Amino acid sequence: MKKILLIASVAVMGMSVHAQEFRFGPKVGFAMSTLKIDENQDDLGKRSMDPKYTFYVGGMAEYKINDNFGFQGEILYSPLGGKEKIDGINAGVLFVGEQTKVNLGTVLVPISAKYFITEGFSVAAGANFGIILTAKQKTVIGSDFVSIDIEDENGSGEVDIKKDIKKLNLAPFVGVEYMLENGLFFDARYSLGVSNLSNDGSGGKITNSFAQVGVGFKFGGN
């Protein structure tokens, strides 16, 4: 009996070691980012900016603890934000409108738990910890004949708004991933911004949510 238990214990340990798997690699992709603005804390002051289409690039590391469960961490960079077009008004004989674009240069640190439905297909849930490094806004007022960039005191077409934006953007997310046998993988996820990014003291609220679709390659594994 002792020999049987010893053999069984060794077999279980062997299975556990075999199930553990570490992979890492680069990933890049496409992102669609939006900003939701609540200026007055009432329905009249609430609006969502149009999506900004951008990119992300970085790397990931995955630790699979058994055949069904694992954890993943990443470091990504993405210029998130949003854009907005305000319908023009008649100013004499001219039709004048306004376009605003907000760029938030963000380092993203997503951490997630993964469930592997099959060896190559998995679902994930976690949180994106975004660190906003730069925040700039570009506004253009124009008509059919002429346009004017709203400049800062240095004459730049982009106005630095970093002092009005908080640095941390917390966004929980859900996602899916499919990996081929050679390590090439494709994933998609949606991150819902919950942090109030407004730091201008007005009492308003700004949140940044974004969707990502990408491709990458995993090295390592058994």
# chains A, B, ... in the order shown; residues from 1 in each chain; ligands from 1
call {"tool": "residues_around", "arguments": {"residues": "stretch 125-129 of chain A", "least_positions_apart": "6", "cutoff": "10 Å", "atoms": "only C-alpha atoms", "output": "list in words"}}
result
Phe71, Gln72, Gly73, Glu74, Ile75, Thr106, Val107, Leu108, Val109, Pro110, Ile111, Ser112, Ala113, Lys114, Tyr115, Leu168, Asn169, Leu170, Ala171, Pro172, Phe173, Val174, Gly175, Val176, Arg189, Tyr190, Ser191, Leu192 and Gly193 of chain A
call {"tool": "select_by_dssp", "arguments": {"residues": "stretch 117-210 of chain A", "states": "strand (DSSP E)", "output": "PDB file with N, CA and C atoms, in the first residue's frame"}}
result
ATOM      1  N   PHE A 121      -7.847  28.178 -26.744  1.00  0.00           N
ATOM      2  CA  PHE A 121      -8.878  29.209 -26.589  1.00  0.00           C
ATOM      3  C   PHE A 121      -9.113  29.489 -25.111  1.00  0.00           C
ATOM      4  N   SER A 122      -9.060  30.782 -24.738  1.00  0.00           N
ATOM      5  CA  SER A 122      -9.217  31.163 -23.334  1.00  0.00           C
ATOM      6  C   SER A 122     -10.013  32.456 -23.198  1.00  0.00           C
ATOM      7  N   VAL A 123     -10.582  32.635 -22.020  1.00  0.00           N
ATOM      8  CA  VAL A 123     -11.253  33.886 -21.654  1.00  0.00           C
ATOM      9  C   VAL A 123     -10.508  34.469 -20.459  1.00  0.00           C
ATOM     10  N   ALA A 124     -10.596  35.778 -20.293  1.00  0.00           N
ATOM     11  CA  ALA A 124      -9.834  36.444 -19.228  1.00  0.00           C
ATOM     12  C   ALA A 124     -10.645  37.574 -18.612  1.00  0.00           C
ATOM     13  N   ALA A 125     -10.333  37.871 -17.361  1.00  0.00           N
ATOM     14  CA  ALA A 125     -10.919  39.019 -16.662  1.00  0.00           C
ATOM     15  C   ALA A 125      -9.854  39.597 -15.746  1.00  0.00           C
ATOM     16  N   GLY A 126      -9.801  40.923 -15.693  1.00  0.00           N
ATOM     17  CA  GLY A 126      -8.778  41.549 -14.859  1.00  0.00           C
ATOM     18  C   GLY A 126      -8.945  43.043 -14.806  1.00  0.00           C
ATOM     19  N   ALA A 127      -7.853  43.738 -14.567  1.00  0.00           N
ATOM     20  CA  ALA A 127      -7.874  45.192 -14.451  1.00  0.00           C
ATOM     21  C   ALA A 127      -6.697  45.801 -15.189  1.00  0.00           C
ATOM     22  N   ASN A 128      -6.959  46.907 -15.864  1.00  0.00           N
ATOM     23  CA  ASN A 128      -5.938  47.704 -16.529  1.00  0.00           C
ATOM     24  C   ASN A 128      -5.545  48.852 -15.603  1.00  0.00           C
ATOM     25  N   PHE A 129      -4.277  48.921 -15.256  1.00  0.00           N
ATOM     26  CA  PHE A 129      -3.769  50.042 -14.479  1.00  0.00           C
ATOM     27  C   PHE A 129      -3.045  50.970 -15.454  1.00  0.00           C
ATOM     28  N   GLY A 130      -3.690  52.073 -15.797  1.00  0.00           N
ATOM     29  CA  GLY A 130      -3.128  52.997 -16.774  1.00  0.00           C
ATOM     30  C   GLY A 130      -2.418  54.158 -16.104  1.00  0.00           C
ATOM     31  N   ILE A 131      -1.207  54.451 -16.548  1.00  0.00           N
ATOM     32  CA  ILE A 131      -0.440  55.591 -16.038  1.00  0.00           C
ATOM     33  C   ILE A 131      -0.326  56.608 -17.166  1.00  0.00           C
ATOM     34  N   ILE A 132      -0.976  57.742 -17.010  1.00  0.00           N
ATOM     35  CA  ILE A 132      -1.019  58.760 -18.050  1.00  0.00           C
ATOM     36  C   ILE A 132       0.245  59.615 -17.974  1.00  0.00           C
ATOM     37  N   LEU A 133       1.087  59.509 -19.005  1.00  0.00           N
ATOM     38  CA  LEU A 133       2.353  60.236 -19.041  1.00  0.00           C
ATOM     39  C   LEU A 133       2.206  61.620 -19.646  1.00  0.00           C
ATOM     40  N   THR A 134       1.386  61.728 -20.689  1.00  0.00           N
ATOM     41  CA  THR A 134       1.166  63.020 -21.356  1.00  0.00           C
ATOM     42  C   THR A 134      -0.318  63.208 -21.616  1.00  0.00           C
ATOM     43  N   ALA A 135      -0.764  64.450 -21.609  1.00  0.00           N
ATOM     44  CA  ALA A 135      -2.160  64.781 -21.891  1.00  0.00           C
ATOM     45  C   ALA A 135      -2.194  66.080 -22.678  1.00  0.00           C
ATOM     46  N   LYS A 136      -2.653  65.995 -23.918  1.00  0.00           N
ATOM     47  CA  LYS A 136      -2.698  67.174 -24.780  1.00  0.00           C
ATOM     48  C   LYS A 136      -4.032  67.260 -25.507  1.00  0.00           C
ATOM     49  N   GLN A 137      -4.410  68.485 -25.806  1.00  0.00           N
ATOM     50  CA  GLN A 137      -5.680  68.733 -26.493  1.00  0.00           C
ATOM     51  C   GLN A 137      -5.449  69.654 -27.680  1.00  0.00           C
ATOM     52  N   LYS A 138      -6.034  69.295 -28.810  1.00  0.00           N
ATOM     53  CA  LYS A 138      -5.933  70.121 -30.002  1.00  0.00           C
ATOM     54  C   LYS A 138      -7.334  70.506 -30.449  1.00  0.00           C
ATOM     55  N   THR A 139      -7.565  71.810 -30.600  1.00  0.00           N
ATOM     56  CA  THR A 139      -8.863  72.319 -31.025  1.00  0.00           C
ATOM     57  C   THR A 139      -8.694  73.155 -32.289  1.00  0.00           C
ATOM     58  N   VAL A 140      -9.539  72.881 -33.253  1.00  0.00           N
ATOM     59  CA  VAL A 140      -9.529  73.609 -34.521  1.00  0.00           C
ATOM     60  C   VAL A 140     -10.902  74.210 -34.748  1.00  0.00           C
ATOM     61  N   ILE A 141     -10.939  75.524 -34.962  1.00  0.00           N
ATOM     62  CA  ILE A 141     -12.173  76.218 -35.312  1.00  0.00           C
ATOM     63  C   ILE A 141     -12.070  76.623 -36.773  1.00  0.00           C
ATOM     64  N   GLY A 142     -13.082  76.251 -37.558  1.00  0.00           N
ATOM     65  CA  GLY A 142     -12.948  76.537 -38.982  1.00  0.00           C
ATOM     66  C   GLY A 142     -14.275  76.610 -39.702  1.00  0.00           C
ATOM     67  N   SER A 147      -9.456  77.709 -41.422  1.00  0.00           N
ATOM     68  CA  SER A 147      -9.496  77.075 -40.103  1.00  0.00           C
ATOM     69  C   SER A 147      -8.391  77.671 -39.247  1.00  0.00           C
ATOM     70  N   ILE A 148      -8.625  77.680 -37.917  1.00  0.00           N
ATOM     71  CA  ILE A 148      -7.692  78.272 -36.971  1.00  0.00           C
ATOM     72  C   ILE A 148      -7.430  77.281 -35.851  1.00  0.00           C
ATOM     73  N   ASP A 149      -6.141  76.990 -35.575  1.00  0.00           N
ATOM     74  CA  ASP A 149      -5.761  76.149 -34.443  1.00  0.00           C
ATOM     75  C   ASP A 149      -5.734  76.992 -33.172  1.00  0.00           C
ATOM     76  N   VAL A 159      -2.417  71.957 -26.908  1.00  0.00           N
ATOM     77  CA  VAL A 159      -2.368  72.567 -25.581  1.00  0.00           C
ATOM     78  C   VAL A 159      -2.130  71.473 -24.545  1.00  0.00           C
ATOM     79  N   ASP A 160      -1.143  71.681 -23.671  1.00  0.00           N
ATOM     80  CA  ASP A 160      -0.839  70.724 -22.619  1.00  0.00           C
ATOM     81  C   ASP A 160      -1.895  70.834 -21.512  1.00  0.00           C
ATOM     82  N   LEU A 168      -3.701  58.303 -12.872  1.00  0.00           N
ATOM     83  CA  LEU A 168      -4.101  56.896 -12.822  1.00  0.00           C
ATOM     84  C   LEU A 168      -5.453  56.685 -13.472  1.00  0.00           C
ATOM     85  N   ASN A 169      -5.495  55.749 -14.427  1.00  0.00           N
ATOM     86  CA  ASN A 169      -6.741  55.362 -15.081  1.00  0.00           C
ATOM     87  C   ASN A 169      -6.972  53.877 -14.820  1.00  0.00           C
ATOM     88  N   LEU A 170      -7.876  53.569 -13.900  1.00  0.00           N
ATOM     89  CA  LEU A 170      -8.197  52.186 -13.565  1.00  0.00           C
ATOM     90  C   LEU A 170      -9.376  51.723 -14.416  1.00  0.00           C
ATOM     91  N   ALA A 171      -9.192  50.585 -15.098  1.00  0.00           N
ATOM     92  CA  ALA A 171     -10.231  50.097 -16.007  1.00  0.00           C
ATOM     93  C   ALA A 171     -10.311  48.577 -15.963  1.00  0.00           C
ATOM     94  N   PRO A 172     -11.307  47.987 -15.294  1.00  0.00           N
ATOM     95  CA  PRO A 172     -11.493  46.535 -15.341  1.00  0.00           C
ATOM     96  C   PRO A 172     -11.837  46.091 -16.763  1.00  0.00           C
ATOM     97  N   PHE A 173     -11.464  44.844 -17.120  1.00  0.00           N
ATOM     98  CA  PHE A 173     -11.695  44.394 -18.488  1.00  0.00           C
ATOM     99  C   PHE A 173     -12.046  42.912 -18.543  1.00  0.00           C
ATOM    100  N   VAL A 174     -12.659  42.536 -19.658  1.00  0.00           N
ATOM    101  CA  VAL A 174     -12.894  41.130 -20.009  1.00  0.00           C
ATOM    102  C   VAL A 174     -12.370  40.941 -21.428  1.00  0.00           C
ATOM    103  N   GLY A 175     -11.941  39.705 -21.746  1.00  0.00           N
ATOM    104  CA  GLY A 175     -11.388  39.481 -23.070  1.00  0.00           C
ATOM    105  C   GLY A 175     -11.362  38.016 -23.452  1.00  0.00           C
ATOM    106  N   VAL A 176     -11.023  37.769 -24.705  1.00  0.00           N
ATOM    107  CA  VAL A 176     -10.886  36.406 -25.234  1.00  0.00           C
ATOM    108  C   VAL A 176      -9.570  36.318 -26.002  1.00  0.00           C
ATOM    109  N   GLU A 177      -9.048  35.089 -26.121  1.00  0.00           N
ATOM    110  CA  GLU A 177      -7.795  34.879 -26.844  1.00  0.00           C
ATOM    111  C   GLU A 177      -7.814  33.529 -27.544  1.00  0.00           C
ATOM    112  N   TYR A 178      -7.227  33.498 -28.742  1.00  0.00           N
ATOM    113  CA  TYR A 178      -7.051  32.227 -29.449  1.00  0.00           C
ATOM    114  C   TYR A 178      -5.589  32.114 -29.873  1.00  0.00           C
ATOM    115  N   MET A 179      -4.939  31.009 -29.497  1.00  0.00           N
ATOM    116  CA  MET A 179      -3.531  30.802 -29.806  1.00  0.00           C
ATOM    117  C   MET A 179      -3.357  29.568 -30.690  1.00  0.00           C
ATOM    118  N   LEU A 184       1.586  31.809 -32.153  1.00  0.00           N
ATOM    119  CA  LEU A 184       0.922  33.017 -32.637  1.00  0.00           C
ATOM    120  C   LEU A 184      -0.474  33.100 -32.021  1.00  0.00           C
ATOM    121  N   PHE A 185      -0.841  34.285 -31.479  1.00  0.00           N
ATOM    122  CA  PHE A 185      -2.154  34.402 -30.853  1.00  0.00           C
ATOM    123  C   PHE A 185      -2.854  35.694 -31.273  1.00  0.00           C
ATOM    124  N   PHE A 186      -4.169  35.675 -31.130  1.00  0.00           N
ATOM    125  CA  PHE A 186      -5.034  36.811 -31.431  1.00  0.00           C
ATOM    126  C   PHE A 186      -5.932  37.033 -30.217  1.00  0.00           C
ATOM    127  N   ASP A 187      -6.110  38.300 -29.840  1.00  0.00           N
ATOM    128  CA  ASP A 187      -6.972  38.553 -28.686  1.00  0.00           C
ATOM    129  C   ASP A 187      -7.806  39.811 -28.878  1.00  0.00           C
ATOM    130  N   ALA A 188      -8.847  39.912 -28.069  1.00  0.00           N
ATOM    131  CA  ALA A 188      -9.734  41.075 -28.080  1.00  0.00           C
ATOM    132  C   ALA A 188     -10.236  41.288 -26.659  1.00  0.00           C
ATOM    133  N   ARG A 189     -10.367  42.552 -26.261  1.00  0.00           N
ATOM    134  CA  ARG A 189     -10.858  42.846 -24.916  1.00  0.00           C
ATOM    135  C   ARG A 189     -11.502  44.222 -24.876  1.00  0.00           C
ATOM    136  N   TYR A 190     -12.317  44.426 -23.838  1.00  0.00           N
ATOM    137  CA  TYR A 190     -12.928  45.736 -23.600  1.00  0.00           C
ATOM    138  C   TYR A 190     -12.646  46.156 -22.167  1.00  0.00           C
ATOM    139  N   SER A 191     -12.139  47.387 -22.009  1.00  0.00           N
ATOM    140  CA  SER A 191     -11.806  47.935 -20.690  1.00  0.00           C
ATOM    141  C   SER A 191     -12.741  49.090 -20.368  1.00  0.00           C
ATOM    142  N   LYS A 205     -16.592  65.070 -14.060  1.00  0.00           N
ATOM    143  CA  LYS A 205     -16.041  63.721 -14.122  1.00  0.00           C
ATOM    144  C   LYS A 205     -15.702  63.356 -15.558  1.00  0.00           C
ATOM    145  N   ILE A 206     -14.514  62.740 -15.751  1.00  0.00           N
ATOM    146  CA  ILE A 206     -14.078  62.253 -17.060  1.00  0.00           C
ATOM    147  C   ILE A 206     -13.605  60.819 -16.888  1.00  0.00           C
ATOM    148  N   THR A 207     -14.126  59.913 -17.716  1.00  0.00           N
ATOM    149  CA  THR A 207     -13.670  58.526 -17.697  1.00  0.00           C
ATOM    150  C   THR A 207     -13.231  58.112 -19.099  1.00  0.00           C
ATOM    151  N   ASN A 208     -12.271  57.193 -19.156  1.00  0.00           N
ATOM    152  CA  ASN A 208     -11.708  56.731 -20.429  1.00  0.00           C
ATOM    153  C   ASN A 208     -11.890  55.212 -20.541  1.00  0.00           C
ATOM    154  N   SER A 209     -12.709  54.777 -21.506  1.00  0.00           N
ATOM    155  CA  SER A 209     -12.913  53.360 -21.797  1.00  0.00           C
ATOM    156  C   SER A 209     -12.344  53.057 -23.174  1.00  0.00           C
ATOM    157  N   PHE A 210     -11.953  51.793 -23.406  1.00  0.00           N
ATOM    158  CA  PHE A 210     -11.342  51.478 -24.690  1.00  0.00           C
ATOM    159  C   PHE A 210     -11.461  49.987 -25.003  1.00  0.00           C
TER     160      PHE A 210
END
call {"tool": "closest_residue", "arguments": {"among": "A:Val57, A:Val194, A:Leu80, A:Leu104", "to": "A:Met32", "atoms": "only C-alpha atoms"}}
result
A:Leu80
call {"tool": "residues_around", "arguments": {"residues": "A:Val28", "least_positions_apart": "2", "cutoff": "8 Å", "atoms": "only C-alpha atoms", "output": "list in words"}}
result
Pro26, Phe30, Phe55, Tyr56, Val57, Gly58, Gly214, Val215 and Gly216 of chain A
call {"tool": "write_last_selection", "arguments": {"atoms": "N, CA and C atoms", "output": "PDB file, in the first residue's frame"}}
result
ATOM      1  N   PRO A  26       5.941  39.510 -27.469  1.00  0.00           N
ATOM      2  CA  PRO A  26       5.436  40.828 -27.854  1.00  0.00           C
ATOM      3  C   PRO A  26       3.990  40.765 -28.312  1.00  0.00           C
ATOM      4  N   PHE A  30      -4.742  47.229 -32.440  1.00  0.00           N
ATOM      5  CA  PHE A  30      -5.593  48.370 -32.738  1.00  0.00           C
ATOM      6  C   PHE A  30      -6.453  48.669 -31.517  1.00  0.00           C
ATOM      7  N   PHE A  55      -3.447  52.860 -31.651  1.00  0.00           N
ATOM      8  CA  PHE A  55      -2.712  51.595 -31.609  1.00  0.00           C
ATOM      9  C   PHE A  55      -2.244  51.314 -30.191  1.00  0.00           C
ATOM     10  N   TYR A  56      -1.723  50.113 -29.987  1.00  0.00           N
ATOM     11  CA  TYR A  56      -0.986  49.811 -28.763  1.00  0.00           C
ATOM     12  C   TYR A  56       0.151  48.857 -29.100  1.00  0.00           C
ATOM     13  N   VAL A  57       1.205  48.869 -28.279  1.00  0.00           N
ATOM     14  CA  VAL A  57       2.370  48.027 -28.508  1.00  0.00           C
ATOM     15  C   VAL A  57       3.007  47.710 -27.160  1.00  0.00           C
ATOM     16  N   GLY A  58       3.546  46.490 -27.018  1.00  0.00           N
ATOM     17  CA  GLY A  58       4.188  46.133 -25.760  1.00  0.00           C
ATOM     18  C   GLY A  58       4.495  44.655 -25.677  1.00  0.00           C
ATOM     19  N   GLY A 214      -5.830  42.642 -31.041  1.00  0.00           N
ATOM     20  CA  GLY A 214      -4.412  42.571 -31.352  1.00  0.00           C
ATOM     21  C   GLY A 214      -3.910  41.199 -31.707  1.00  0.00           C
ATOM     22  N   VAL A 215      -2.610  41.161 -31.954  1.00  0.00           N
ATOM     23  CA  VAL A 215      -1.919  39.921 -32.335  1.00  0.00           C
ATOM     24  C   VAL A 215      -0.572  39.903 -31.621  1.00  0.00           C
ATOM     25  N   GLY A 216      -0.072  38.721 -31.325  1.00  0.00           N
ATOM     26  CA  GLY A 216       1.222  38.612 -30.667  1.00  0.00           C
ATOM     27  C   GLY A 216       1.803  37.219 -30.848  1.00  0.00           C
TER      28      GLY A 216
END
call {"tool": "atom_distance", "arguments": {"atom1": "atom CA of A:Gly220", "atom2": "atom CA of A:Ala31"}}
result
27.0 Å
call {"tool": "atom_distance", "arguments": {"atom1": "atom CA of A:Leu76", "atom2": "atom CA of A:Met49"}}
result
23.4 Å
call {"tool": "residues_around", "arguments": {"residues": "A:Lys64", "least_positions_apart": "2", "cutoff": "10 Å", "atoms": "only C-alpha atoms", "output": "list of chain:residue names"}}
result
A:Ala19, A:Gln20, A:Glu21, A:Phe22, A:Arg23, A:Glu62, A:Asn66, A:Asp67, A:Asn68, A:Phe69, A:Gly70, A:Phe71, A:Gln72, A:Ala113, A:Lys114, A:Tyr115, A:Phe116, A:Gly221
call {"tool": "select_by_dssp", "arguments": {"residues": "stretch 27-212 of chain A", "states": "helix (DSSP H, G or I)", "output": "PyMOL selection string"}}
result
chain A and resi 43-45+162-164
call {"tool": "closest_residue", "arguments": {"among": "A:Ser48, A:Ser195, A:Thr34, A:Asn182", "to": "A:Gly120", "atoms": "only C-alpha atoms"}}
result
A:Asn182
